[in-house]
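What follows is a short report on a single structure.
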Amino acid sequence: MHTILQQLVNGLSLGSIYALLALGYTMVYGIIKLINFAHGDIYMLGAFWGYYVINVWHLSFWPALITAMVFCAFVGMLTEYLAYRPLRHSPRIAALITAIGVSFLLENGMSYLFGSNVRNFPQAMAVKQYHLGGVSISNIQILILAVSIVLMILLQLIVQRTKMGKAMRAVSVDPDAAQLIGINIDRTISFTFALGSSLAGAAGVMIGLYYNSIDPLMGMTPGIKAFVAAVLGGIGLIPGAAIGGFVIGLLETITQALGFSAYKDAVVYAVLIIILLVKPAGILGKNIKEKV
Amino acid sequence: MKKNLKYNLIWLAIMIAGYIIINVLEFAGIMGQFAETTLVLIGINIILATGLNLIIGFSGQFSLGHAGFMAIGAYVCALITTAIPNALGMLLGLIAGAVFSGVVALVVGIPTLRLNGDYLAIATMGVAEIIRIILNNLKITNGPAGLYNIPMLATWPVVYLLVCITTIIIVNFIHSRDGRAVMSVREDEIAAESMGVNITKWKVIAFVVGAATAAIGGALHANYIQTIAPTDFGIMESINILIIVVLGGIGSITGTFVAAVVLGLLDMILQNFGTLRMVLYSLALILIMVFKPSGLLGTWELSIRRLFTRKSKTKGDA
């Protein structure tokens, strides 16, 4: 029983990182139908920003987190402006390859500028372990979970309650109609990238603190897993991404706890394929009937 | 029939001429070991990318799992050629790899090809990852260390021959009645179905043929590089093949050839730049896509027949 609870705690903190990343994927996909492969690398940039700010400017955790979010939002908007905006009316696969190109560029550019070796993330916070009835939970795990949930609630408020959120939803339903009623599509898409990338930046700083190591290729695997999470929950849906992230985090830790750690990724993908076959639009997705 | 014979003979002559030119260059010492390696790797990439182009460009199904089928071909052929290290073993390995990979594609394709667009992409990516993880954990495949000391049987004439054979098979498939059925699925599934085309059947057939081609590419890779490990067949490998297809132009086999050669040469030239290499490579990729989103050649195909008819037309005008 204790081990199950323990794995639940570990799974939830890992899952909330995936969920934060998946939210960025799902928002961008919802609005311009692009699988933004570079999203995982924005998360890597967030972690590196945290590393430098804490080491060089000696900031504490919270300012590092907030500046990383701002920095990543800026990078996200910049990549959208330079690489994706010129391709808005080209075939989707061309935009996808461009996204892969941006991802390569960020990974290799960082390796070129800062070296590809693994670095230790500075300990911006003393680790404390709490024991609650046999289950040990660290303050960093609580922090990750709390920050993620607060950010998700904030995001939900922005999307549902603000004018910009309304514009985002309108553009994702029908860009042409949205433009007709006076919504500035370019600005709305930029804003979506900024929101998604800032969440990735936050996730990057927190994972640095949690795992203590960062390197320029760290975004690759979590990026793909987060995308899987977004698809699992129903891509384009914000609550779906959150659920997908937690499901994948839990699946991974549970398979590991059962002693099949070599197969943990295989289990994640197998569950994904089964869910897609049963519900082709993901857990929360609605099946749209084909009309002639 | 007689007219086709003429064009087919010209194509045959081009293939033989290509073989002779490479031989002469090698003999004259103009082409060294390094250039030969580049050439063989370009050839293998052409085989892999034409197979993927059949799936993506002609049947319109977005697959991100090409490396998984490549891995099956590589491992099957490597295991067989290690046991029988001669030309017969290579032939057996190629056939067994292609058949095995085709069967896996059939089993995987029938349920997953019901999905469309990005959902299919992510499902095929998942399949490829599952294949890779299974290879990583089996005894016979030697786990994460992979297989080594695979006999070097994929010399450049073998690769050249197989590039020709797979291209002929795929191009003939595309130009046949079956190929038109496959393309009708790409254009409009509902319209195709109402015309009596069994869309699931043609999607699965294109997928299986593509997977078998990937296995041949993988087998050649294994017998040329001589060592394989599961990490060689990750998502990045699928993406590299996808880049060749998209860069050349989706739905253009000529484009695939051009893109494979351009990327191969780019890679060769950039070798001297060290770590900057991948930065320049990714910049080139982004710039080509931003300025030429339909790929280098779009859907243009080189056709000897069209060259001839154009020539006779201009003659007629004069």
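To be explicit about the labels: the chains of the structure tokens are called A, B, and onward in the order shown, and within each one the residues are counted from 1, while ligands get numbers from 1 in the order they are shown.
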
TODO: Within 9 Å of Val99 of chain B, counting only C-alpha atoms, which residues show up once you throw out same-chain ones fewer than 6 positions away? Write them as a PyMOL selection string, please.
DONE: chain B and resi 73+212+215

Open item on the list: Could you list, as a PyMOL selection string, every residue within 12 Å of Asn23 of chain B, counting only C-alpha atoms and ignoring same-chain residues fewer than 5 positions away?
Closed with: chain B and resi 16-18+28-32+36+156-157+160

TODO: Please identify every residue of chain A that has at least one atom no more than 9 Å from any atom of chain B, counting only C-alpha atoms, and report them as an MDAnalysis selection string.
DONE: chainID A and resid 35 83:84 86:87 90:91 93:95 97:109 111:112 227:228 231 262:263 265:270 272:273 276:277 280:281 292

Open item on the list: Neighbouring residues of Gly43 of chain B were defined as those with any atom within 9 Å, considering only C-alpha atoms; residues of the same chain fewer than 2 positions away were excluded. Please report them as an MDAnalysis selection string.
Closed with: chainID B and resid 38:41 45:48 156 159:160 162:163 217 257 260:261

Please write the residues from the selection above to a file, keeping C-alpha atoms, as a PDB file, in the first residue's frame.
```
ATOM      1  CA  THR B  38      28.777   9.022 -49.009  1.00  0.00           C
ATOM      2  CA  LEU B  39      27.466   7.436 -52.195  1.00  0.00           C
ATOM      3  CA  VAL B  40      26.375   4.232 -50.449  1.00  0.00           C
ATOM      4  CA  LEU B  41      24.660   6.164 -47.655  1.00  0.00           C
ATOM      5  CA  ASN B  45      18.588   6.909 -47.967  1.00  0.00           C
ATOM      6  CA  ILE B  46      17.018   6.864 -51.430  1.00  0.00           C
ATOM      7  CA  ILE B  47      15.645   3.366 -50.800  1.00  0.00           C
ATOM      8  CA  LEU B  48      14.261   4.371 -47.395  1.00  0.00           C
ATOM      9  CA  TRP B 156      28.218  -0.339 -53.518  1.00  0.00           C
ATOM     10  CA  VAL B 159      23.291  -0.995 -53.052  1.00  0.00           C
ATOM     11  CA  TYR B 160      23.187   0.466 -56.574  1.00  0.00           C
ATOM     12  CA  LEU B 162      18.802  -2.454 -55.059  1.00  0.00           C
ATOM     13  CA  VAL B 163      18.224   1.288 -55.507  1.00  0.00           C
ATOM     14  CA  GLY B 217      17.174  -0.084 -46.627  1.00  0.00           C
ATOM     15  CA  PHE B 257      16.470  11.331 -55.342  1.00  0.00           C
ATOM     16  CA  ALA B 260      18.830  12.515 -50.798  1.00  0.00           C
ATOM     17  CA  VAL B 261      21.778  13.556 -52.973  1.00  0.00           C
TER      18      VAL B 261
END
```

- [ ] Enumerate, as number ranges by chain, the complete set of residues in segment 252-300 of chain B that a backbone-based DSSP assignment places in alpha helix (DSSP H).
- [x] B: 253-270, 276-291

Open item on the list: If I take atom CA of Gly248 of chain B and atom CA of Leu296 of chain B, how far is one from the other in Å, to one decimal?
Closed with: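 Computing it gives 4.9 Å between the two atoms.
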
Task: Coordinates-based distance that separates atom CA of Leu20 of chain A from atom CA of Leu199 of chain A (Å, one decimal) - done: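 Taking atom CA of Leu199 of chain A as the start and atom CA of Leu20 of chain A as the end point, the length is 5.8 Å.
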
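Residue nearest Gly50 of chain A, chosen from A:Gly24, A:Gly219, A:Gly204, A:Pro239 and counting only C-alpha atoms: A:Gly204.
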
Open item on the list: At a cut-off of 10 Å, using only C-alpha atoms, what residues contact segment 52-58 of chain B? Leave out same-chain residues fewer than 6 positions from it and give the result as an MDAnalysis selection string.
Closed with: chainID B and resid 46 64:66 170:171 173:174 179:187 203:211 213:214 238 241:242 244:246 248:253 255:256 299
